[in-house]
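Structure file structure_14.txt (compact mmCIF, C-alpha atoms) is printed below.
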# COMPACT_ATOMS: atom_id res chain seq x y z
CA MET A 6 -79.73 4.30 85.42
CA LYS A 7 -82.10 3.70 82.52
CA ILE A 8 -84.31 0.62 82.72
CA LEU A 9 -86.87 -1.03 80.47
CA ILE A 10 -89.94 -2.66 81.98
CA ILE A 11 -91.60 -5.12 79.60
CA GLY A 12 -95.22 -5.78 80.53
CA SER A 13 -95.58 -2.28 81.95
CA LYS A 14 -99.37 -2.27 81.49
CA GLY A 15 -99.77 -5.35 83.65
CA PHE A 16 -100.24 -5.29 87.40
CA ILE A 17 -96.67 -5.79 88.62
CA GLY A 18 -95.21 -3.95 85.64
CA PHE A 19 -97.36 -0.89 86.33
CA HIS A 20 -96.28 -0.76 89.97
CA ALA A 21 -92.65 -1.26 88.96
CA MET A 22 -92.90 1.68 86.55
CA GLU A 23 -94.30 3.94 89.28
CA TYR A 24 -91.75 2.80 91.84
CA PHE A 25 -88.66 3.30 89.70
CA LYS A 26 -89.87 6.67 88.42
CA ASN A 27 -90.24 7.77 92.05
CA GLN A 28 -86.69 6.56 92.66
CA ASN A 29 -85.49 8.91 89.90
CA PHE A 30 -84.66 6.18 87.39
CA THR A 31 -85.16 6.82 83.70
CA VAL A 32 -87.85 4.28 82.81
CA LEU A 33 -89.28 3.13 79.49
CA GLY A 34 -92.38 0.92 79.46
CA CYS A 35 -93.19 -1.71 76.88
CA ASP A 36 -96.33 -3.77 76.29
CA VAL A 37 -98.88 -4.82 73.67
CA VAL A 38 -101.48 -2.25 74.74
CA THR A 39 -101.97 0.86 72.61
CA ASP A 40 -101.04 4.08 74.43
CA TYR A 41 -101.32 7.38 72.55
CA VAL A 42 -100.36 9.53 75.54
CA SER A 43 -97.23 8.23 77.26
CA LYS A 44 -93.93 9.35 75.77
CA ASP A 45 -91.97 6.78 77.77
CA TYR A 46 -93.72 3.81 76.18
CA TYR A 47 -93.00 1.38 73.34
CA GLN A 48 -95.71 -0.88 71.89
CA ILE A 49 -95.00 -4.46 70.82
CA ASP A 50 -97.09 -6.39 68.29
CA ALA A 51 -99.13 -8.89 70.30
CA THR A 52 -99.30 -11.38 67.41
CA ASN A 53 -95.63 -11.24 66.40
CA SER A 54 -93.46 -9.85 69.17
CA ASP A 55 -90.11 -8.47 68.02
CA PHE A 56 -87.78 -6.72 70.44
CA HIS A 57 -84.85 -6.07 68.10
CA SER A 58 -85.84 -2.56 67.03
CA LEU A 59 -86.46 -1.59 70.66
CA PHE A 60 -82.95 -2.55 71.80
CA GLU A 61 -81.41 -1.20 68.61
CA LYS A 62 -82.91 2.29 69.12
CA HIS A 63 -82.65 2.62 72.92
CA GLN A 64 -79.83 2.03 75.35
CA PHE A 65 -80.66 0.39 78.70
CA ASP A 66 -78.71 -0.49 81.81
CA ALA A 67 -81.30 -3.09 82.83
CA CYS A 68 -84.45 -4.79 81.58
CA ILE A 69 -87.15 -6.23 83.85
CA ASN A 70 -89.51 -8.65 82.13
CA CYS A 71 -92.91 -8.48 83.86
CA SER A 72 -94.79 -9.77 80.82
CA GLY A 73 -96.42 -13.13 80.26
CA ALA A 74 -99.53 -15.12 81.11
CA ALA A 75 -100.38 -15.83 84.75
CA SER A 76 -103.15 -18.43 84.77
CA VAL A 77 -102.64 -22.11 85.55
CA ALA A 78 -106.11 -22.95 84.25
CA LEU A 79 -105.62 -21.14 80.95
CA SER A 80 -102.18 -22.71 80.49
CA ILE A 81 -103.88 -26.12 80.59
CA GLU A 82 -106.54 -25.02 78.10
CA PHE A 83 -104.21 -23.02 75.79
CA PRO A 84 -100.68 -24.42 76.28
CA LEU A 85 -99.20 -22.98 73.07
CA LYS A 86 -100.31 -19.45 73.94
CA ASP A 87 -98.85 -19.85 77.42
CA PHE A 88 -95.57 -21.16 75.97
CA ASN A 89 -95.30 -18.23 73.57
CA LEU A 90 -95.92 -15.65 76.29
CA ASN A 91 -93.92 -17.19 79.13
CA THR A 92 -91.08 -18.98 77.34
CA LEU A 93 -90.58 -17.97 73.71
CA ASN A 94 -90.81 -14.24 74.46
CA VAL A 95 -88.05 -14.57 77.07
CA PHE A 96 -85.76 -16.02 74.41
CA LYS A 97 -86.71 -13.25 71.97
CA ILE A 98 -85.91 -10.54 74.52
CA LEU A 99 -82.57 -12.06 75.44
CA GLU A 100 -81.61 -12.56 71.80
CA ALA A 101 -82.24 -8.85 71.15
CA ILE A 102 -80.13 -7.97 74.20
CA ARG A 103 -77.34 -10.28 73.02
CA THR A 104 -77.42 -8.74 69.55
CA TYR A 105 -77.49 -5.04 70.46
CA GLN A 106 -76.78 -4.50 74.16
CA PRO A 107 -74.87 -7.38 75.78
CA SER A 108 -74.07 -5.23 78.83
CA CYS A 109 -77.78 -4.81 79.72
CA LYS A 110 -78.78 -6.69 82.88
CA PHE A 111 -81.89 -8.86 82.58
CA ILE A 112 -84.38 -9.76 85.33
CA ASN A 113 -87.04 -12.31 84.43
CA LEU A 114 -90.14 -12.79 86.56
CA SER A 115 -90.60 -16.47 87.23
CA SER A 116 -93.01 -18.13 89.65
CA ALA A 117 -93.15 -20.43 92.65
CA ALA A 118 -95.15 -22.68 90.30
CA VAL A 119 -91.81 -24.19 89.24
CA TYR A 120 -91.69 -25.98 92.62
CA GLY A 121 -95.00 -27.84 92.33
CA ASN A 122 -95.76 -29.63 95.59
CA PRO A 123 -92.46 -29.43 97.47
CA THR A 124 -91.41 -32.29 99.73
CA GLN A 125 -90.21 -29.91 102.43
CA LEU A 126 -90.96 -26.46 103.80
CA PRO A 127 -89.64 -23.83 103.69
CA ILE A 128 -88.79 -24.04 100.01
CA ASN A 129 -85.24 -23.06 99.15
CA GLU A 130 -84.07 -22.30 95.65
CA ASN A 131 -82.04 -25.52 95.33
CA ILE A 132 -84.73 -28.16 95.87
CA ALA A 133 -85.97 -30.35 93.01
CA LEU A 134 -88.31 -28.53 90.63
CA LYS A 135 -91.48 -30.46 89.78
CA PRO A 136 -94.08 -28.11 88.24
CA LEU A 137 -97.66 -29.36 88.11
CA SER A 138 -98.98 -27.36 85.15
CA PRO A 139 -97.98 -26.13 81.69
CA TYR A 140 -97.65 -22.69 83.30
CA GLY A 141 -95.08 -23.98 85.80
CA ILE A 142 -93.24 -25.96 83.12
CA HIS A 143 -93.03 -22.94 80.82
CA LYS A 144 -91.76 -20.74 83.66
CA LEU A 145 -89.08 -23.35 84.37
CA GLN A 146 -88.11 -23.46 80.69
CA ALA A 147 -87.78 -19.67 80.75
CA GLU A 148 -85.44 -19.97 83.74
CA GLN A 149 -83.32 -22.42 81.77
CA ILE A 150 -83.14 -19.95 78.88
CA VAL A 151 -82.09 -17.22 81.33
CA LYS A 152 -79.27 -19.52 82.51
CA GLU A 153 -78.35 -20.34 78.91
CA PHE A 154 -77.65 -16.70 78.08
CA ILE A 155 -75.24 -16.20 80.98
CA ASP A 156 -73.49 -19.53 80.42
CA PHE A 157 -72.97 -19.21 76.67
CA TYR A 158 -73.17 -15.47 75.96
CA LYS A 159 -72.22 -13.80 79.27
CA ILE A 160 -75.46 -11.78 79.41
CA GLN A 161 -76.07 -10.82 83.05
CA THR A 162 -79.34 -12.52 83.96
CA CYS A 163 -81.40 -13.73 86.91
CA SER A 164 -84.88 -15.12 87.65
CA LEU A 165 -87.21 -14.06 90.46
CA ARG A 166 -89.62 -16.72 91.71
CA ILE A 167 -92.59 -14.70 92.90
CA PHE A 168 -94.94 -16.29 95.38
CA GLN A 169 -98.59 -15.31 95.94
CA ARG A 170 -99.11 -11.55 95.73
CA LYS A 171 -101.63 -9.60 97.77
CA LYS A 172 -103.22 -7.31 95.19
CA TRP A 173 -104.75 -8.85 92.10
CA LEU A 174 -106.72 -7.00 89.46
CA GLU A 175 -107.63 -10.24 87.71
CA LYS A 176 -110.10 -12.92 88.82
CA ALA A 177 -107.94 -14.58 91.41
CA THR A 178 -107.99 -15.50 95.08
CA PHE A 179 -108.49 -12.04 96.61
CA TRP A 180 -110.77 -10.68 93.91
CA ASP A 181 -113.06 -13.73 94.02
CA MET A 182 -113.09 -13.69 97.79
CA TYR A 183 -113.96 -10.00 97.92
CA GLN A 184 -116.88 -10.45 95.51
CA LYS A 185 -118.29 -13.36 97.49
CA PHE A 186 -118.09 -11.56 100.83
CA LEU A 187 -119.62 -8.44 99.31
CA ASN A 188 -122.61 -10.16 97.74
CA ALA A 189 -123.54 -13.04 100.06
CA ASP A 190 -123.73 -14.07 103.70
CA SER A 191 -122.93 -17.71 102.95
CA ILE A 192 -119.47 -17.91 101.37
CA ALA A 193 -118.51 -21.06 99.43
CA LEU A 194 -114.81 -21.28 98.57
CA TYR A 195 -112.78 -23.72 96.50
CA GLY A 196 -110.49 -26.28 98.13
CA THR A 197 -110.24 -27.49 101.71
CA GLY A 198 -109.12 -24.24 103.33
CA LYS A 199 -105.91 -25.94 104.44
CA GLU A 200 -104.04 -24.98 101.27
CA SER A 201 -101.38 -22.45 102.21
CA ARG A 202 -99.46 -19.71 100.45
CA ASP A 203 -96.63 -17.31 101.17
CA PHE A 204 -98.19 -13.93 100.39
CA ILE A 205 -96.22 -10.83 99.39
CA HIS A 206 -97.59 -7.38 98.63
CA VAL A 207 -96.82 -5.83 95.25
CA ASP A 208 -95.10 -2.86 96.93
CA ASP A 209 -92.64 -5.25 98.56
CA ILE A 210 -92.17 -7.08 95.25
CA VAL A 211 -91.01 -3.95 93.43
CA ARG A 212 -88.73 -3.01 96.33
CA ALA A 213 -87.18 -6.45 95.93
CA PHE A 214 -86.55 -5.64 92.26
CA HIS A 215 -84.50 -2.64 93.34
CA LEU A 216 -82.47 -4.73 95.79
CA VAL A 217 -81.74 -7.30 93.10
CA LEU A 218 -80.64 -4.60 90.67
CA ASP A 219 -78.26 -3.17 93.25
CA ASN A 220 -76.99 -6.35 94.90
CA GLY A 221 -77.84 -9.37 92.75
CA LYS A 222 -75.09 -11.54 91.28
CA PHE A 223 -76.72 -11.81 87.83
CA ASN A 224 -75.16 -15.16 87.11
CA GLY A 225 -78.42 -16.82 86.08
CA GLU A 226 -79.46 -17.45 89.68
CA ALA A 227 -83.06 -17.81 90.87
CA THR A 228 -84.29 -15.97 93.97
CA ASN A 229 -87.48 -16.48 95.96
CA ILE A 230 -89.57 -13.32 96.26
CA ALA A 231 -91.79 -13.88 99.30
CA ASN A 232 -91.97 -13.20 103.03
CA GLY A 233 -91.15 -16.62 104.45
CA GLU A 234 -94.63 -16.87 106.01
CA GLU A 235 -97.26 -19.57 105.52
CA PHE A 236 -100.95 -18.68 105.74
CA THR A 237 -103.85 -21.02 105.00
CA ILE A 238 -106.69 -19.92 102.74
CA GLU A 239 -108.97 -20.62 105.72
CA TYR A 240 -107.07 -18.00 107.74
CA VAL A 241 -107.14 -15.51 104.86
CA SER A 242 -110.92 -15.95 104.52
CA GLU A 243 -111.30 -15.25 108.24
CA ILE A 244 -109.40 -11.96 107.86
CA PHE A 245 -111.79 -11.06 105.04
CA ARG A 246 -114.78 -11.97 107.20
CA ARG A 247 -113.63 -9.60 109.95
CA ASN A 248 -113.55 -6.74 107.45
CA PHE A 249 -117.21 -7.13 106.39
CA GLU A 250 -120.35 -6.35 108.33
CA GLY A 251 -123.03 -8.93 109.06
CA GLN A 252 -122.93 -12.63 109.92
CA LYS A 253 -120.85 -14.35 107.26
CA THR A 254 -120.45 -18.13 107.17
CA ILE A 255 -117.61 -19.79 105.24
CA THR A 256 -117.54 -23.27 103.72
CA PHE A 257 -115.07 -25.09 101.45
CA ASN A 258 -116.04 -27.51 98.67
CA ASN A 259 -113.03 -29.83 99.25
CA GLN A 260 -112.14 -29.83 95.54
CA VAL A 261 -108.56 -29.15 94.48
CA LYS A 262 -108.01 -27.47 91.11
CA GLN A 263 -105.80 -29.24 88.59
CA GLY A 264 -102.26 -27.83 88.58
CA ASP A 265 -102.58 -26.04 91.92
CA PRO A 266 -100.02 -26.90 94.63
CA LEU A 267 -101.12 -27.52 98.20
CA ASN A 268 -98.67 -25.77 100.51
CA TRP A 269 -96.00 -23.12 100.04
CA ARG A 270 -93.64 -21.29 102.35
CA ALA A 271 -90.46 -19.82 100.95
CA ASP A 272 -86.97 -19.82 102.34
CA ILE A 273 -85.99 -16.19 101.76
CA SER A 274 -82.44 -16.35 103.09
CA LEU A 275 -81.07 -15.30 99.71
CA LEU A 276 -83.48 -12.39 99.42
CA ASN A 277 -82.72 -11.31 102.98
CA SER A 278 -79.01 -11.31 102.17
CA LEU A 279 -79.74 -8.63 99.55
CA GLY A 280 -81.27 -6.41 102.26
CA TYR A 281 -84.96 -7.30 102.02
CA LYS A 282 -87.36 -6.46 104.85
CA GLN A 283 -91.13 -6.88 104.69
CA THR A 284 -93.03 -3.59 104.96
CA ILE A 285 -96.68 -4.67 104.54
CA SER A 286 -98.21 -7.50 106.59
CA LEU A 287 -100.89 -9.86 105.32
CA GLU A 288 -103.55 -8.25 107.49
CA ALA A 289 -102.62 -4.72 106.41
CA GLY A 290 -102.43 -5.85 102.79
CA ILE A 291 -105.95 -7.30 102.87
CA GLN A 292 -107.36 -4.20 104.56
CA SER A 293 -105.74 -1.93 101.98
CA TYR A 294 -106.95 -4.21 99.20
CA ILE A 295 -110.56 -4.03 100.41
CA HIS A 296 -110.29 -0.25 100.77
CA TRP A 297 -108.81 0.01 97.27
CA VAL A 298 -111.53 -2.12 95.65
CA ASN A 299 -114.23 -0.15 97.50
CA SER A 300 -112.83 3.04 95.97
CA LEU A 301 -113.06 1.78 92.38

Re-express the file's structure as structure tokens.
Amino acid sequence: MKILIIGSKGFIGFHAMEYFKNQNFTVLGCDVVTDYVSKDYYQIDATNSDFHSLFEKHQFDACINCSGAASVALSIEFPLKDFNLNTLNVFKILEAIRTYQPSCKFINLSSAAVYGNPTQLPINENIALKPLSPYGIHKLQAEQIVKEFIDFYKIQTCSLRIFQRKKWLEKATFWDMYQKFLNADSIALYGTGKESRDFIHVDDIVRAFHLVLDNGKFNGEATNIANGEEFTIEYVSEIFRRNFEGQKTITFNNQVKQGDPLNWRADISLLNSLGYKQTISLEAGIQSYIHWVNSL
């Protein structure tokens, strides 16, 4: 099978490239970053993305879209940029598939941000969607476009709603927490500590991609990508504290960031039906993350 991974220079896209290559897939990467070395790479113009020539020149069995912006705060500050990256580009990719390769399966990475603050836990894929930020709204619009292309053009599509992931290269929960524990004994964190997330390691995310490729229905459906576990940020910070020497004290500022939901735990019945099993626990993921950052 030959697959295209769009956003291959990003965090999840990079790991997806490595995983599928190790599984003996033929893989082509695509992103806006210049790469003069890789032969299995196609560069897209960051200011005027056009995917037509890519799908005209290459034949793919499947396309996984890992591209897009991933910041709630920046989506509030720069909503048009977020819309272009998370919504408009999805339409452009699917239009190129429709034009040149209508048999190519399409997986779009969505987000649990489409749920907002759910009224019940665990969150199943059929509850009302009430995003709290431009980021969540644009991810939901992309899901609607994904459904449009199966309903009207019979392009095999699906969306994967990814919950919190355990390895972040960007300034996010784990990276910020690591820096604070490394450089201070008194740790001040955002929020109340009672906010909760359903964490999933990037290695389990890309394994889920494989399961969806093999067993997904591709009828425009959305699937939660998570572990069905709820951990508070307070608990996560305590795991971090145990992995650092010295007497560390932790406080929370009781401020909630605009657009951030309070509590998440996914219903992963659909994902489990595809054969998913968690391989990396939260504790092991944090330990490996700290070891990885220490090695940089």

Problem - One-decimal distance in Å that lies between CA of Tyr140 in chain A and CA of Ala193 in chain A - result: 26.4 Å

Practice task
Using all atoms listed in the file, pick whichever of A:Tyr46, A:Tyr41, A:Phe83, A:Phe111 has the shortest atom-to-atom distance to Lys222 in chain A.
Solution key: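 Looking only at the distances to Lys222 in chain A, the closest residue turns out to be A:Phe111.
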
Practice task
Step by step: start from the point (-86.8, -17.4, 81.8) in the file's coordinates, keep every protein, DNA or RNA residue that has an atom no farther than 10 Å from it, count only C-alpha atoms, and write the set as a PyMOL selection string.
Solution key: chain A and resi 70+91-96+99+111-115+143-154+162-165+225+227

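The space between CA of Gly196 in chain A and CA of Thr256 in chain A spans 9.5 Å.
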
Practice task
Kindly indicate which residue among A:Glu234, A:Asp190, A:Glu250, A:Asp203 lies nearest to Ile167 in chain A, using all atoms listed in the file for the distances.
Solution key: A:Asp203

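Of the residues under consideration (A:Val241, A:Ile128, A:Ile291, A:Ala133), A:Ile128 shows the shortest atom-to-atom contact distance to Asn229 in chain A when counting all atoms listed in the file.
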
Exercise for the section: Provide the CA of Gly34 in chain A to CA of Ile49 in chain A distance in Å, to one decimal place. Expected result: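 Here the two named atoms are 10.5 Å from each other.
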
Problem - Which residue of A:Ala231, A:Ile295, A:Val261, A:Ile10 approaches Ser274 in chain A most closely, using all atoms listed in the file - result: A:Ala231

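For the point (-97.3, 0.7, 74.3), the residues with at least one atom inside 12 Å, counting all atoms listed in the file, are Ile10, Ile11, Gly12, Ser13, Lys14, Gly15, Leu33, Gly34, Cys35, Asp36, Val37, Val38, Thr39, Asp40, Tyr41, Val42, Ser43, Lys44, Asp45, Tyr46, Tyr47, Gln48, Ile49, Asp50, Ala51 and Leu59 of chain A.
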
Handout entry: Neighbour list for Leu216 in chain A as a PyMOL selection string, cut-off 9 Å, all atoms listed in the file, skip fewer than 2 positions in-chain
Key = chain A and resi 211-214+218-221+276+279-281
